[in-house]
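Chemist: Supplied in structure tokens, the structure appears directly below.
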Amino acid sequence: MLPEIVIDLDKIEHNTKVVLELARQAGVETVAVTKAFLAEPQIAGAMLRAGIKMLADARLENLEILHRHFPDVPLMLLRLPGLSQVKDTVRLAAVSLNSELKVLRALSEEAKDRGKKHRVILMADLGDLREGIWAENLPEAAAEVMNMDGLILEGLGVNLACYGGIIPNADNVGRLVSMAQELEISSGRKLQVISGGNSASLPLLLSGELPSGINQLRIGEGILLGRETVKRRLLPGAAADAFVLRAEVLESRDKPTVPIGNVGQDAFGETPQFEDEGWRRRAILALGRQDVPPEGISPRDERVKIFGASSDHLIVDITDAPELGVGSVLEFNVRYAGLLGAMTSPYVYKRFVTTKSKNLGVRIQESGDRRQNLGVRMS
Ligand SMILES: *Cc1c(COP(=O)(O)O)cnc(C)c1O
């Protein structure tokens with residue numbers, strides 16, 4: 001069996017509704033982020049069925065896929081467009097997040113050439129040190145953007161908790177709202193959007209502390225894995241298992257926990273350390289780092305523990321689960337890194353299911369070519 005990730009489209013639709021409703025109560029629009037799953041149209045479709053009105057992705061290739069499948073849905077480009085990507089950005093994205101005036105000028109020229117207006121959200125850096133204009137330079141940049149004929153300054157945005165791990169709170173997100181208000185006063189123009197971050201802003205929604213004025217969040221993980229991303233707590237009513245990874249046991253043998261011989265470097269240039277737990281039953285699975293990073297998954301069966309992984313093999317401890325053996329299939333929950341790895345690996349088969357009712361159980365929908373990315377067909 002190929003390793004596979006089982007994707008429950010009903011659970012994704014359900015989780016999308018959970019997030020939409022949570023946000024709606026605070027007057028916030030949810031933009032659904034598709035970058036963790038290569039903008040796979042079946043998953044994006046489940047988000048749209050739940051009521052999502054705008055999809056967002058970091059990559060233009062993914063926007064191209066979304067545009068092809070959902071031509072009427074407005075799309076947002078999350079990663080700053082490069083100077084080399086101006087044409088495709090204007091063609092594919094209704095709105096893009098930006099921080100560079102040189103790129104903004106080029107976007108404006110391209111939009112004018114196309115007879116279009118391109119909407120932009122200016123990103124403020126409130127301390128996370130990824131993208132964004134430093135607060136004191138923002139008014140000047142915004143004023144210049146407002147004068148660019150091909151652009152509409154849709155609003156301001158922030159992205160926290162990504163590089164610097166800075167937790168969104170009433171203070172830093174609140175500063176974004178004040179900046180927007182000051183800009184509205186100085187320019188006499190209303191900003192449509194104040195985009196208050198990603199799934200790390202969900203705790204503020206849950207506690208009622210999201211500063212009023214924030215009217216948009218861009219949510220990926222919160223929908224896909226049903227969790228906020230500051231403490232990774234499950235959102236009330238959300239499903240944690242919309243994605244389940246499965247892989248087959250190739251070998252099951254009792255062996256020691258410490259290798260025999262002199263320890264040098266492993267396959268990745270690291271010198272491994274081993275804890276002596278005596279002899280254990282070790283299962284080798286057809287699942288390796290080329291499929292998923294082992295740090296990003298955890299066995300659904302609590303009796304099973306991960307020892308480690310090489311490129312093509314995952315080694316787990318199944319001593320306490322004696323019924324497992326060669327040919328057994330083990331299931332794993334994924335965290336964000338596991339989801340991203342499994343969805344982007346061409347070796348992991350993507351199996352879509354819908355849980356129509358408890359009685360019917362799971363209906364399997366085979367979709368597309370098993371090895372669509374590799375161009376070979378396996379049984
Ligand atoms: C990835 C990304 C998001 C979504 O992040 P999640 O943690 O998956 O909700 C939102 N905004 C930007 C700019 C992003 O790059």
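Simple scheme: letters A, B, ... for chains in structure tokens order, numbers from 1 for residues in each chain, numbers from 1 for ligands in the order shown.
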Write out, as CSV, each residue of chain A that has an atom at most 6 Å from ligand 1, together with the closest pair of atoms and their distance in Å to one decimal, counting only C-alpha atoms and all ligand atoms, rows going by chain and rising number.
Modeler:
```
residue,atom,partner,partner_atom_place_in_ligand_line,distance
A:Val33,CA,ligand 1,4 (C),5.6
A:Leu78,CA,ligand 1,13 (C),4.6
A:Arg79,CA,ligand 1,15 (O),5.9
A:Asn159,CA,ligand 1,13 (C),5.6
A:Gly197,CA,ligand 1,11 (N),5.9
A:Asn198,CA,ligand 1,9 (O),4.1
A:Ser199,CA,ligand 1,9 (O),3.7
A:Arg218,CA,ligand 1,10 (C),4.6
A:Ile219,CA,ligand 1,9 (O),3.7
A:Gly220,CA,ligand 1,8 (O),3.4
A:Glu221,CA,ligand 1,8 (O),3.9
A:Gly222,CA,ligand 1,9 (O),5.7
```
Chemist: Give the alpha helix (DSSP H) residues of range 138-279 of chain A, as DSSP finds them on the backbone, and put them as a VMD selection string.
Modeler: chain A and resid 138 to 146 170 to 187 202 to 207 221 to 224
Chemist: If you count only C-alpha atoms, which residues fall within 12 Å of Leu22 in chain A, apart from same-chain ones fewer than 5 positions away, as a PyMOL selection string?
Modeler: chain A and resi 15-17+27-30+201-208+210+217+219+222-223+228+235-238
Chemist: Can you list, as an MDAnalysis selection string, every protein, DNA or RNA residue that comes within 12 Å of Arg281 in chain A when you count only C-alpha atoms, leaving out same-chain residues fewer than 3 positions away?
Modeler: chainID A and resid 251:257 277:278 284 303:307 315:326
Chemist: Could you give me, as a list in words, the residues within 12 Å of Gly288 in chain A, counting only C-alpha atoms and dropping anything in the same chain fewer than 6 positions from it?
Modeler: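 The neighbour list is Leu2, Pro3, Ala247, Glu248, Pro294, Glu295, Gly296, Ile297, Ile306, Gly308, Ala309, Ser310, Ser311, Asp312, His313, Leu314, Ile315, Val316, Gly338, Gly341, Ala342, Ser345, Tyr347 and Val348 of chain A.
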Chemist: Take the residues from that selection and put them in a file with N, CA and C atoms, as a PDB file, in the first residue's frame.
Modeler:
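Written out: again-v7.pdb:
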```pdb
ATOM      1  N   LEU A   2       0.473   2.212  -0.813  1.00  0.00           N
ATOM      2  CA  LEU A   2       1.179   3.496  -0.793  1.00  0.00           C
ATOM      3  C   LEU A   2       0.789   4.233   0.477  1.00  0.00           C
ATOM      4  N   PRO A   3       1.693   5.027   1.023  1.00  0.00           N
ATOM      5  CA  PRO A   3       1.230   5.883   2.118  1.00  0.00           C
ATOM      6  C   PRO A   3       0.141   6.802   1.570  1.00  0.00           C
ATOM      7  N   ALA A 247      -0.082   4.322   6.763  1.00  0.00           N
ATOM      8  CA  ALA A 247       1.059   3.657   6.125  1.00  0.00           C
ATOM      9  C   ALA A 247       1.160   2.214   6.606  1.00  0.00           C
ATOM     10  N   GLU A 248       1.817   1.396   5.787  1.00  0.00           N
ATOM     11  CA  GLU A 248       1.846  -0.052   5.994  1.00  0.00           C
ATOM     12  C   GLU A 248       3.122  -0.514   6.705  1.00  0.00           C
ATOM     13  N   PRO A 294       8.864  13.203  10.305  1.00  0.00           N
ATOM     14  CA  PRO A 294       8.317  12.431  11.427  1.00  0.00           C
ATOM     15  C   PRO A 294       7.935  13.316  12.609  1.00  0.00           C
ATOM     16  N   GLU A 295       8.556  14.506  12.719  1.00  0.00           N
ATOM     17  CA  GLU A 295       8.211  15.416  13.817  1.00  0.00           C
ATOM     18  C   GLU A 295       6.793  15.967  13.662  1.00  0.00           C
ATOM     19  N   GLY A 296       6.249  15.866  12.457  1.00  0.00           N
ATOM     20  CA  GLY A 296       4.940  16.476  12.187  1.00  0.00           C
ATOM     21  C   GLY A 296       3.766  15.526  12.291  1.00  0.00           C
ATOM     22  N   ILE A 297       4.019  14.305  12.787  1.00  0.00           N
ATOM     23  CA  ILE A 297       2.913  13.337  12.883  1.00  0.00           C
ATOM     24  C   ILE A 297       2.931  12.659  14.245  1.00  0.00           C
ATOM     25  N   ILE A 306       7.006   6.705  18.058  1.00  0.00           N
ATOM     26  CA  ILE A 306       7.939   6.839  16.931  1.00  0.00           C
ATOM     27  C   ILE A 306       9.381   6.821  17.454  1.00  0.00           C
ATOM     28  N   GLY A 308      12.111   6.918  15.022  1.00  0.00           N
ATOM     29  CA  GLY A 308      12.803   7.823  14.117  1.00  0.00           C
ATOM     30  C   GLY A 308      12.507   7.454  12.680  1.00  0.00           C
ATOM     31  N   ALA A 309      13.147   8.181  11.748  1.00  0.00           N
ATOM     32  CA  ALA A 309      12.861   7.949  10.338  1.00  0.00           C
ATOM     33  C   ALA A 309      14.086   8.204   9.486  1.00  0.00           C
ATOM     34  N   SER A 310      14.160   7.491   8.371  1.00  0.00           N
ATOM     35  CA  SER A 310      15.139   7.823   7.332  1.00  0.00           C
ATOM     36  C   SER A 310      14.336   8.245   6.094  1.00  0.00           C
ATOM     37  N   SER A 311      14.968   8.335   4.948  1.00  0.00           N
ATOM     38  CA  SER A 311      14.269   8.877   3.778  1.00  0.00           C
ATOM     39  C   SER A 311      12.998   8.104   3.435  1.00  0.00           C
ATOM     40  N   ASP A 312      13.047   6.779   3.575  1.00  0.00           N
ATOM     41  CA  ASP A 312      11.939   5.948   3.096  1.00  0.00           C
ATOM     42  C   ASP A 312      11.299   5.088   4.176  1.00  0.00           C
ATOM     43  N   HIS A 313      11.805   5.178   5.415  1.00  0.00           N
ATOM     44  CA  HIS A 313      11.318   4.294   6.469  1.00  0.00           C
ATOM     45  C   HIS A 313      11.020   5.059   7.746  1.00  0.00           C
ATOM     46  N   LEU A 314       9.914   4.678   8.384  1.00  0.00           N
ATOM     47  CA  LEU A 314       9.611   5.184   9.723  1.00  0.00           C
ATOM     48  C   LEU A 314       9.691   3.983  10.660  1.00  0.00           C
ATOM     49  N   ILE A 315      10.405   4.164  11.769  1.00  0.00           N
ATOM     50  CA  ILE A 315      10.556   3.064  12.724  1.00  0.00           C
ATOM     51  C   ILE A 315       9.766   3.409  13.978  1.00  0.00           C
ATOM     52  N   VAL A 316       8.858   2.496  14.360  1.00  0.00           N
ATOM     53  CA  VAL A 316       8.020   2.768  15.525  1.00  0.00           C
ATOM     54  C   VAL A 316       8.087   1.598  16.502  1.00  0.00           C
ATOM     55  N   GLY A 338       3.366  18.154   9.283  1.00  0.00           N
ATOM     56  CA  GLY A 338       3.007  16.852   8.723  1.00  0.00           C
ATOM     57  C   GLY A 338       2.017  16.995   7.579  1.00  0.00           C
ATOM     58  N   GLY A 341       3.913  18.454   4.607  1.00  0.00           N
ATOM     59  CA  GLY A 341       4.778  17.441   4.016  1.00  0.00           C
ATOM     60  C   GLY A 341       3.982  16.422   3.218  1.00  0.00           C
ATOM     61  N   ALA A 342       2.933  15.897   3.822  1.00  0.00           N
ATOM     62  CA  ALA A 342       2.147  14.847   3.164  1.00  0.00           C
ATOM     63  C   ALA A 342       1.442  15.382   1.919  1.00  0.00           C
ATOM     64  N   SER A 345       4.162  16.026  -0.842  1.00  0.00           N
ATOM     65  CA  SER A 345       4.967  14.906  -1.326  1.00  0.00           C
ATOM     66  C   SER A 345       4.247  14.186  -2.461  1.00  0.00           C
ATOM     67  N   TYR A 347       4.745  11.281  -3.259  1.00  0.00           N
ATOM     68  CA  TYR A 347       4.660   9.860  -2.919  1.00  0.00           C
ATOM     69  C   TYR A 347       3.425   9.520  -2.090  1.00  0.00           C
ATOM     70  N   VAL A 348       2.786  10.550  -1.523  1.00  0.00           N
ATOM     71  CA  VAL A 348       1.637  10.289  -0.652  1.00  0.00           C
ATOM     72  C   VAL A 348       0.348  10.430  -1.461  1.00  0.00           C
TER      73      VAL A 348
END
```
Chemist: What does the distance between CA of Met54 in chain A and CA of Gln25 in chain A come to in Å, to one decimal place?
Modeler: 18.2 Å
Chemist: Between A:Ser99, A:Asn215, A:Asn147, A:Gln265, which one has atoms that come closest to Ala180 in chain A, using only C-alpha atoms?
Modeler: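 Looking only at the distances to Ala180 in chain A, the closest residue turns out to be A:Asn215.
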Chemist: For Pro81 in chain A, work out the shell of residues within 8 Å, counting only C-alpha atoms and skipping chain neighbours fewer than 2 positions away, then give it as a PDB file with C-alpha atoms, in the first residue's frame.
Modeler:
```pdb
ATOM      1  CA  LEU A  77      -2.056  36.566  -3.054  1.00  0.00           C
ATOM      2  CA  ARG A  79       3.186  36.204  -0.304  1.00  0.00           C
ATOM      3  CA  LEU A  83       8.907  42.314  -9.345  1.00  0.00           C
ATOM      4  CA  SER A  84       9.032  39.420 -11.817  1.00  0.00           C
ATOM      5  CA  GLN A  85       5.481  38.341 -10.905  1.00  0.00           C
ATOM      6  CA  VAL A  86       3.604  41.546 -11.469  1.00  0.00           C
ATOM      7  CA  THR A  89      -0.411  38.885  -9.874  1.00  0.00           C
ATOM      8  CA  SER A  96      -2.486  41.162  -2.980  1.00  0.00           C
ATOM      9  CA  LEU A  97      -0.540  41.813   0.222  1.00  0.00           C
ATOM     10  CA  ASN A  98       2.349  44.233  -0.318  1.00  0.00           C
ATOM     11  CA  VAL A 103       6.535  46.548  -6.748  1.00  0.00           C
TER      12      VAL A 103
END
```
Chemist: What is the CA of Leu224 in chain A to CA of Gly51 in chain A distance in Å?
Modeler: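 For CA of Leu224 in chain A relative to CA of Gly51 in chain A, the distance reads 15.1 Å.
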Chemist: Kindly give the distance, in Å, that separates CA of Ala58 in chain A and CA of Glu184 in chain A, rounded to a single decimal.
Modeler: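 It comes out at 28.2 Å.
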Chemist: Output as a list in words all residues of range 59-208 of chain A that backbone DSSP marks as strand (DSSP E or B).
Modeler: Leu75, Met76, Leu77, Val95, Ser96, Leu97, Asn98, His118, Arg119, Val120, Ile121, Leu122, Met123, Ala124, Asp125, Ile133, Trp134, Leu151, Ile152, Leu153, Glu154, Gly155, Leu156, Gly157, Val158, Val193, Ile194 and Ser195 of chain A
Chemist: Let me make sure I understand: among A:Val334, A:Val120, A:Ile43, A:Leu101, which one has the smallest atom-to-atom distance to Asp8 in chain A if we use only C-alpha atoms?
Modeler: A:Ile43
Chemist: Might you pull out every residue within 12 Å of Arg119 in chain A, with only C-alpha atoms counted and same-chain residues fewer than 4 positions away left off, and present them as number ranges by chain?
Modeler: A: 74-77, 89-98, 104, 107-108, 111, 145-146, 148-156, 191-193
